[in-house]
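Beneath this line is the structure, given in structure tokens, with notes to follow.
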Amino acid sequence: MQYDAETSVRKIGNSDYEGQVDGHWNIGDNPNGGYLVSIAINAIANELPHPDPVSVTTHYLRPGTAGAPCQVSVDVIRKGRTLSSAKATLSQDGKEKLVVMAAFADLNETVGVDTELTLTAPAIAPIGDCVPRTGSAQGVALPLASRVNTLLDPEFAVPGKSAVAEMAGWITFTDERDPDPRSLILFTDAFPPSPLSKLGAIGWVPTLELTVHILSKPSSGPVQAYFKTDSLKQGRMIETGSLWDATGQLVATSRQLGLVMRQV
């Protein structure tokens with residue numbers, strides 16, 4: 001599978017790994033942030049006893065470089081009975097590109113009460129009525145579209161045509177790989193920024209910090225997504241998101257701080 005091959009790492013030291021940043025995951029000239037985190041998460045997973053990421057917070061320091069090797073240094077914080085934590089730094093050419101703090105657990109295990117309180121998936125257009133994401137809406141090339149099918153609800157697909165700063169749709173891998181907990185991190189960062197639907201063709205929207213909480217293992221099939229701009233002030237955006245699997249189960253939530261830059 002493309003995602004597995006192109007986020008793989010190999011150990012080169014005690015807690016150090018090397019990978020390759022593939023250009024097929026770019027948005028414009030820059031690798032997608034969720035893709036870069038996936039590389040770091042694979043390195044962390046090799047150092048921890050638990051199989052599934054459940055909380056992942058990333059601080060983006062510099063854009064990544066596609067078509068170039070990367071190094072990931074992992075610092076294990078704690079190995080516990082039900083939860084383990086580690087920090088990873090992904091670097092290229094001696095420069096730190098992002099720092100990840102992650103907690104891992106086993107999503108097959110119940111660790112507390114079994115009462116369920118959850119968010120219901122909103123009503124959006126069926127997947128067959130949605131519009132494929134292209135780079136033209138933001139005026140950039142979109143190599144990422146060769147790896148994931150990002151299908152947008154028509155209500156939000158045309159920049160500047162919605163009354164609200166929201167984004168919704170469906171996402172799958174182009175090679176029909178099933179989603180899993182690690183890929184949900186990528187999926188939260190693969191949709192157009194939610195201000196686009198209301199504000200129109202804004203410029204670059206770099207993420208400064210992204211936190212993803214993975215709640216359950218997703219079923220096979222497409223993943224439904226919904227994102228909303230909670231606040232946009234002085235160019236700083238706070239956006240929350242939610243992902244549901246094909247059965248309607250809430251599988252992940254996200255929250256990010258980003259910059260909404262003027263188009264030049």
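Naming works like this for the structure tokens: A, B, ... for the chains as they're shown, residue 1 at the start of each chain, ligands 1 onward in shown order.
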
With a distance cut-off of 8 Å and only C-alpha atoms, select the neighbouring residues of Val260 (chain A), excluding the residue or stretch itself and same-chain residues fewer than 5 positions from it, and output the selection as a compact mmCIF listing (two decimals) with C-alpha atoms, in the first residue's frame.
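Contents of the output file out14.txt:
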```txt
# COMPACT_ATOMS: atom_id res chain seq x y z
CA ILE A 202 -7.51 32.89 0.46
CA GLY A 203 -3.82 32.23 0.31
CA TRP A 204 -1.70 29.72 2.16
CA VAL A 205 -3.07 28.36 5.47
CA PRO A 206 -0.11 26.84 7.32
CA GLY A 235 -4.99 35.94 10.80
CA ARG A 236 -4.97 33.20 13.43
CA MET A 237 -7.51 30.43 12.96
```

At a cut-off of 7 Å, using only C-alpha atoms, what residues contact region 53-60 of chain A? Leave out same-chain residues fewer than 4 positions from it and give the result as a PyMOL selection string.
chain A and resi 97-105+181-182+207-215

For the residues selected in the previous step, produce a file with N, CA and C atoms as a tab-separated table (two decimals), in the first residue's frame.
```
chain	number	residue	atom	x	y	z
A	97	LYS	N	11.89	20.08	11.51
A	97	LYS	CA	10.70	20.45	10.75
A	97	LYS	C	9.43	20.37	11.59
A	98	LEU	N	9.36	19.40	12.48
A	98	LEU	CA	8.20	19.30	13.36
A	98	LEU	C	8.56	18.48	14.59
A	99	VAL	N	7.78	18.72	15.66
A	99	VAL	CA	7.94	17.99	16.91
A	99	VAL	C	6.58	17.39	17.27
A	100	VAL	N	6.57	16.10	17.59
A	100	VAL	CA	5.34	15.37	17.89
A	100	VAL	C	5.40	14.84	19.32
A	101	MET	N	4.32	15.07	20.07
A	101	MET	CA	4.11	14.39	21.35
A	101	MET	C	2.95	13.43	21.15
A	102	ALA	N	3.15	12.16	21.46
A	102	ALA	CA	2.11	11.16	21.19
A	102	ALA	C	1.93	10.24	22.38
A	103	ALA	N	0.68	9.85	22.59
A	103	ALA	CA	0.34	8.82	23.56
A	103	ALA	C	-0.25	7.64	22.81
A	104	PHE	N	0.20	6.44	23.15
A	104	PHE	CA	-0.26	5.21	22.51
A	104	PHE	C	-0.97	4.33	23.53
A	105	ALA	N	-1.98	3.59	23.06
A	105	ALA	CA	-2.70	2.64	23.89
A	105	ALA	C	-3.15	1.49	22.99
A	181	PRO	N	-6.12	3.55	12.69
A	181	PRO	CA	-5.91	4.69	13.59
A	181	PRO	C	-4.83	5.66	13.13
A	182	ARG	N	-3.72	5.15	12.59
A	182	ARG	CA	-2.65	6.05	12.17
A	182	ARG	C	-3.06	6.91	10.99
A	207	THR	N	-0.42	25.26	9.12
A	207	THR	CA	-0.77	24.83	10.46
A	207	THR	C	0.40	25.08	11.40
A	208	LEU	N	0.12	25.69	12.53
A	208	LEU	CA	1.14	25.89	13.55
A	208	LEU	C	1.15	24.74	14.55
A	209	GLU	N	-0.05	24.31	14.95
A	209	GLU	CA	-0.18	23.21	15.91
A	209	GLU	C	-1.45	22.42	15.59
A	210	LEU	N	-1.34	21.12	15.64
A	210	LEU	CA	-2.47	20.23	15.37
A	210	LEU	C	-2.50	19.13	16.42
A	211	THR	N	-3.66	18.97	17.05
A	211	THR	CA	-3.87	17.87	17.99
A	211	THR	C	-4.97	16.97	17.45
A	212	VAL	N	-4.70	15.68	17.42
A	212	VAL	CA	-5.67	14.68	16.96
A	212	VAL	C	-5.88	13.67	18.08
A	213	HIS	N	-7.14	13.41	18.39
A	213	HIS	CA	-7.49	12.36	19.35
A	213	HIS	C	-8.15	11.23	18.58
A	214	ILE	N	-7.59	10.04	18.67
A	214	ILE	CA	-8.15	8.86	18.00
A	214	ILE	C	-8.94	8.09	19.04
A	215	LEU	N	-10.23	7.87	18.76
A	215	LEU	CA	-11.16	7.32	19.74
A	215	LEU	C	-11.47	5.85	19.53
```

Residue list (alpha helix (DSSP H), DSSP) for region 34-130 of chain A, as a PDB file with C-alpha atoms, in the first residue's frame:
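Output file selection.pdb follows:
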```pdb
ATOM      1  CA  GLY A  34      -0.446  14.990   8.290  1.00  0.00           C
ATOM      2  CA  TYR A  35       1.756  12.928   5.992  1.00  0.00           C
ATOM      3  CA  LEU A  36       4.916  14.127   7.754  1.00  0.00           C
ATOM      4  CA  VAL A  37       3.375  13.300  11.132  1.00  0.00           C
ATOM      5  CA  SER A  38       2.637   9.789   9.854  1.00  0.00           C
ATOM      6  CA  ILE A  39       6.355   9.245   9.283  1.00  0.00           C
ATOM      7  CA  ALA A  40       7.153  10.388  12.814  1.00  0.00           C
ATOM      8  CA  ILE A  41       4.357   8.244  14.259  1.00  0.00           C
ATOM      9  CA  ASN A  42       5.779   5.140  12.592  1.00  0.00           C
ATOM     10  CA  ALA A  43       9.095   5.786  14.313  1.00  0.00           C
ATOM     11  CA  ILE A  44       7.381   6.285  17.672  1.00  0.00           C
ATOM     12  CA  ALA A  45       5.363   3.087  17.215  1.00  0.00           C
ATOM     13  CA  ASN A  46       8.587   1.097  16.962  1.00  0.00           C
ATOM     14  CA  GLU A  47       9.657   2.312  20.412  1.00  0.00           C
TER      15      GLU A  47
END
```

Which neighbours of Asp106 (chain A) fall inside 8 Å, counting only C-alpha atoms, when residues of the same chain fewer than 2 positions from it are skipped, and could you give them as an mmCIF file with C-alpha atoms, in the first residue's frame?
```cif
data_model
loop_
_atom_site.group_PDB
_atom_site.id
_atom_site.type_symbol
_atom_site.label_atom_id
_atom_site.label_comp_id
_atom_site.auth_asym_id
_atom_site.auth_seq_id
_atom_site.Cartn_x
_atom_site.Cartn_y
_atom_site.Cartn_z
ATOM 1 C CA HIS A 50 1.140 -0.221 22.696
ATOM 2 C CA PRO A 51 -0.127 -0.432 19.086
ATOM 3 C CA ASP A 52 -2.405 2.580 18.588
ATOM 4 C CA THR A 82 -2.368 1.017 29.626
ATOM 5 C CA PHE A 104 -0.259 5.206 22.507
ATOM 6 C CA ASN A 108 -9.227 -2.944 21.556
ATOM 7 C CA GLU A 109 -9.134 -2.611 25.353
#
```

Please list as a PyMOL selection string every residue within 12 Å of Ser162 (chain A), counting only C-alpha atoms and excluding residues in the same chain fewer than 3 positions away.
chain A and resi 153-159+165-168+194-200

Same residues, N, CA and C atoms, output as a compact mmCIF listing (two decimals), in the first residue's frame:
```
# COMPACT_ATOMS: atom_id res chain seq x y z
N ASP A 153 -18.49 18.00 0.13
CA ASP A 153 -19.91 18.30 0.04
C ASP A 153 -20.08 19.53 -0.86
N PRO A 154 -20.96 19.48 -1.87
CA PRO A 154 -21.11 20.61 -2.79
C PRO A 154 -21.42 21.93 -2.10
N GLU A 155 -22.02 21.87 -0.91
CA GLU A 155 -22.35 23.12 -0.19
C GLU A 155 -21.10 23.91 0.16
N PHE A 156 -19.97 23.21 0.31
CA PHE A 156 -18.74 23.87 0.74
C PHE A 156 -17.64 23.80 -0.31
N ALA A 157 -17.90 23.22 -1.45
CA ALA A 157 -16.84 22.92 -2.42
C ALA A 157 -16.37 24.15 -3.20
N VAL A 158 -17.25 25.13 -3.40
CA VAL A 158 -16.89 26.31 -4.20
C VAL A 158 -16.45 27.42 -3.25
N PRO A 159 -15.21 27.88 -3.35
CA PRO A 159 -14.71 28.91 -2.42
C PRO A 159 -15.58 30.16 -2.44
N ALA A 165 -18.11 29.18 7.60
CA ALA A 165 -16.74 28.71 7.42
C ALA A 165 -16.65 27.26 7.89
N GLU A 166 -17.16 26.36 7.06
CA GLU A 166 -17.20 24.95 7.38
C GLU A 166 -16.75 24.14 6.16
N MET A 167 -16.34 22.91 6.40
CA MET A 167 -15.94 22.01 5.34
C MET A 167 -16.39 20.61 5.72
N ALA A 168 -16.90 19.86 4.75
CA ALA A 168 -17.38 18.50 5.02
C ALA A 168 -17.21 17.65 3.79
N SER A 194 -11.28 25.18 6.40
CA SER A 194 -12.70 25.53 6.45
C SER A 194 -13.00 27.00 6.14
N PRO A 195 -12.10 27.98 6.39
CA PRO A 195 -12.44 29.37 6.01
C PRO A 195 -12.62 29.55 4.50
N LEU A 196 -12.06 28.64 3.71
CA LEU A 196 -12.13 28.76 2.25
C LEU A 196 -13.57 28.84 1.76
N SER A 197 -14.46 28.07 2.37
CA SER A 197 -15.84 28.01 1.88
C SER A 197 -16.56 29.34 2.02
N LYS A 198 -16.19 30.13 3.02
CA LYS A 198 -16.85 31.42 3.26
C LYS A 198 -16.06 32.60 2.69
N LEU A 199 -14.74 32.56 2.83
CA LEU A 199 -13.92 33.71 2.47
C LEU A 199 -13.44 33.70 1.03
N GLY A 200 -13.52 32.57 0.37
CA GLY A 200 -13.06 32.48 -1.00
C GLY A 200 -11.60 32.10 -1.09
```

Nearest-residue call for Cys130 (chain A), choices A:Gln224, A:Pro179, A:Asp189, A:Thr115, using only C-alpha atoms
A:Gln224

When distances are computed from only C-alpha atoms, which of A:Leu151, A:Ala145, A:Leu117, A:Cys70 shows the smallest separation from Asp129 (chain A)?
A:Leu151

Nearest residue to Lys11 (chain A) out of A:Leu186, A:Val74, A:Leu83, A:Ala125, using only C-alpha atoms?
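For Lys11 (chain A), the nearest of the candidates is A:Val74.
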
DSSP on the backbone, strand (DSSP E) only: what residues of region 12-252 of chain A does that give? Format it as a PDB file with C-alpha atoms, in the first residue's frame.
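The new file selection-v4.pdb reads:
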```pdb
ATOM      1  CA  ASP A  16      16.914   7.250  15.617  1.00  0.00           C
ATOM      2  CA  TYR A  17      15.226   6.510  12.313  1.00  0.00           C
ATOM      3  CA  GLU A  18      15.492   7.510   8.676  1.00  0.00           C
ATOM      4  CA  GLY A  19      12.710   7.870   6.119  1.00  0.00           C
ATOM      5  CA  GLN A  20      12.033   9.423   2.729  1.00  0.00           C
ATOM      6  CA  VAL A  21       9.586  12.285   2.153  1.00  0.00           C
ATOM      7  CA  ASN A  26       2.401  17.481  -1.529  1.00  0.00           C
ATOM      8  CA  ILE A  27       0.001  20.408  -1.492  1.00  0.00           C
ATOM      9  CA  ASN A  30       5.119  21.457   0.495  1.00  0.00           C
ATOM     10  CA  PRO A  31       4.479  17.952   1.874  1.00  0.00           C
ATOM     11  CA  ASP A  52      -2.405   2.580  18.588  1.00  0.00           C
ATOM     12  CA  PRO A  53      -1.930   6.344  18.757  1.00  0.00           C
ATOM     13  CA  VAL A  54      -4.702   7.922  20.839  1.00  0.00           C
ATOM     14  CA  SER A  55      -3.411  11.482  21.282  1.00  0.00           C
ATOM     15  CA  VAL A  56      -1.023  13.208  18.877  1.00  0.00           C
ATOM     16  CA  THR A  57       0.025  16.852  19.182  1.00  0.00           C
ATOM     17  CA  THR A  58       2.316  18.316  16.545  1.00  0.00           C
ATOM     18  CA  HIS A  59       4.091  21.653  16.414  1.00  0.00           C
ATOM     19  CA  TYR A  60       5.112  22.552  12.872  1.00  0.00           C
ATOM     20  CA  ALA A  68      14.472  14.199   0.311  1.00  0.00           C
ATOM     21  CA  PRO A  69      15.396  11.961   3.241  1.00  0.00           C
ATOM     22  CA  CYS A  70      14.353  12.773   6.791  1.00  0.00           C
ATOM     23  CA  GLN A  71      15.544  11.754  10.212  1.00  0.00           C
ATOM     24  CA  VAL A  72      13.304  11.059  13.211  1.00  0.00           C
ATOM     25  CA  SER A  73      14.670  11.058  16.746  1.00  0.00           C
ATOM     26  CA  VAL A  74      12.417   9.452  19.370  1.00  0.00           C
ATOM     27  CA  ASP A  75      12.499  10.124  23.094  1.00  0.00           C
ATOM     28  CA  VAL A  76      10.388   7.671  25.112  1.00  0.00           C
ATOM     29  CA  ILE A  77       8.735   9.512  27.995  1.00  0.00           C
ATOM     30  CA  ARG A  78       6.980   6.614  29.720  1.00  0.00           C
ATOM     31  CA  LYS A  79       5.994   3.011  29.107  1.00  0.00           C
ATOM     32  CA  SER A  84       2.770   4.921  26.761  1.00  0.00           C
ATOM     33  CA  SER A  85       4.108   8.294  25.635  1.00  0.00           C
ATOM     34  CA  ALA A  86       6.962   9.565  23.511  1.00  0.00           C
ATOM     35  CA  LYS A  87       8.267  12.637  21.725  1.00  0.00           C
ATOM     36  CA  ALA A  88       9.655  12.638  18.195  1.00  0.00           C
ATOM     37  CA  THR A  89      11.475  15.285  16.192  1.00  0.00           C
ATOM     38  CA  LEU A  90      11.524  15.060  12.398  1.00  0.00           C
ATOM     39  CA  SER A  91      14.457  16.829  10.746  1.00  0.00           C
ATOM     40  CA  GLN A  92      15.804  17.376   7.242  1.00  0.00           C
ATOM     41  CA  LYS A  95      16.848  21.501  10.538  1.00  0.00           C
ATOM     42  CA  GLU A  96      13.937  20.489  12.759  1.00  0.00           C
ATOM     43  CA  LYS A  97      10.702  20.453  10.750  1.00  0.00           C
ATOM     44  CA  LEU A  98       8.196  19.300  13.360  1.00  0.00           C
ATOM     45  CA  VAL A  99       7.935  17.987  16.909  1.00  0.00           C
ATOM     46  CA  VAL A 100       5.341  15.371  17.890  1.00  0.00           C
ATOM     47  CA  MET A 101       4.113  14.386  21.346  1.00  0.00           C
ATOM     48  CA  ALA A 102       2.109  11.160  21.192  1.00  0.00           C
ATOM     49  CA  ALA A 103       0.337   8.817  23.563  1.00  0.00           C
ATOM     50  CA  PHE A 104      -0.259   5.206  22.507  1.00  0.00           C
ATOM     51  CA  ALA A 105      -2.703   2.638  23.894  1.00  0.00           C
ATOM     52  CA  VAL A 131     -16.990  16.954  -5.591  1.00  0.00           C
ATOM     53  CA  PRO A 132     -13.340  15.829  -5.788  1.00  0.00           C
ATOM     54  CA  VAL A 148      -6.210  10.209  -1.250  1.00  0.00           C
ATOM     55  CA  ASN A 149      -9.656  10.852  -2.691  1.00  0.00           C
ATOM     56  CA  THR A 150     -10.958  13.913  -0.857  1.00  0.00           C
ATOM     57  CA  LEU A 151     -14.602  14.396  -1.839  1.00  0.00           C
ATOM     58  CA  LEU A 152     -16.273  17.647  -0.764  1.00  0.00           C
ATOM     59  CA  GLU A 166     -17.195  24.945   7.381  1.00  0.00           C
ATOM     60  CA  MET A 167     -15.940  22.008   5.336  1.00  0.00           C
ATOM     61  CA  ALA A 168     -17.375  18.505   5.023  1.00  0.00           C
ATOM     62  CA  GLY A 169     -17.024  15.450   2.849  1.00  0.00           C
ATOM     63  CA  TRP A 170     -15.571  11.974   2.536  1.00  0.00           C
ATOM     64  CA  ILE A 171     -12.054  10.608   2.216  1.00  0.00           C
ATOM     65  CA  THR A 172     -10.496   7.317   1.077  1.00  0.00           C
ATOM     66  CA  PHE A 173      -7.105   6.119  -0.123  1.00  0.00           C
ATOM     67  CA  THR A 207      -0.774  24.826  10.459  1.00  0.00           C
ATOM     68  CA  LEU A 208       1.141  25.893  13.554  1.00  0.00           C
ATOM     69  CA  GLU A 209      -0.179  23.209  15.912  1.00  0.00           C
ATOM     70  CA  LEU A 210      -2.471  20.227  15.369  1.00  0.00           C
ATOM     71  CA  THR A 211      -3.869  17.873  17.991  1.00  0.00           C
ATOM     72  CA  VAL A 212      -5.668  14.680  16.956  1.00  0.00           C
ATOM     73  CA  HIS A 213      -7.494  12.364  19.352  1.00  0.00           C
ATOM     74  CA  ILE A 214      -8.146   8.864  18.001  1.00  0.00           C
ATOM     75  CA  VAL A 223     -14.448   8.148   6.305  1.00  0.00           C
ATOM     76  CA  GLN A 224     -16.811  11.105   6.756  1.00  0.00           C
ATOM     77  CA  ALA A 225     -15.324  14.417   7.895  1.00  0.00           C
ATOM     78  CA  TYR A 226     -16.600  17.742   9.199  1.00  0.00           C
ATOM     79  CA  PHE A 227     -14.518  20.817  10.051  1.00  0.00           C
ATOM     80  CA  LYS A 228     -15.523  24.201  11.444  1.00  0.00           C
ATOM     81  CA  THR A 229     -13.689  27.467  12.011  1.00  0.00           C
ATOM     82  CA  ASP A 230     -14.292  28.314  15.667  1.00  0.00           C
ATOM     83  CA  SER A 231     -12.329  31.555  15.581  1.00  0.00           C
ATOM     84  CA  LEU A 232     -10.453  33.676  13.046  1.00  0.00           C
ATOM     85  CA  LYS A 233      -8.831  36.836  14.371  1.00  0.00           C
ATOM     86  CA  ARG A 236      -4.968  33.200  13.426  1.00  0.00           C
ATOM     87  CA  MET A 237      -7.511  30.433  12.964  1.00  0.00           C
ATOM     88  CA  ILE A 238      -8.750  27.799  15.378  1.00  0.00           C
ATOM     89  CA  GLU A 239     -10.477  24.920  13.606  1.00  0.00           C
ATOM     90  CA  THR A 240     -12.087  21.807  15.071  1.00  0.00           C
ATOM     91  CA  GLY A 241     -12.865  18.633  13.161  1.00  0.00           C
ATOM     92  CA  SER A 242     -14.474  15.231  13.553  1.00  0.00           C
ATOM     93  CA  LEU A 243     -14.203  11.969  11.615  1.00  0.00           C
ATOM     94  CA  TRP A 244     -16.739   9.125  11.437  1.00  0.00           C
ATOM     95  CA  LEU A 250     -16.999   8.699  15.730  1.00  0.00           C
ATOM     96  CA  VAL A 251     -13.359   7.672  15.339  1.00  0.00           C
ATOM     97  CA  ALA A 252     -11.307  10.860  15.726  1.00  0.00           C
TER      98      ALA A 252
END
```
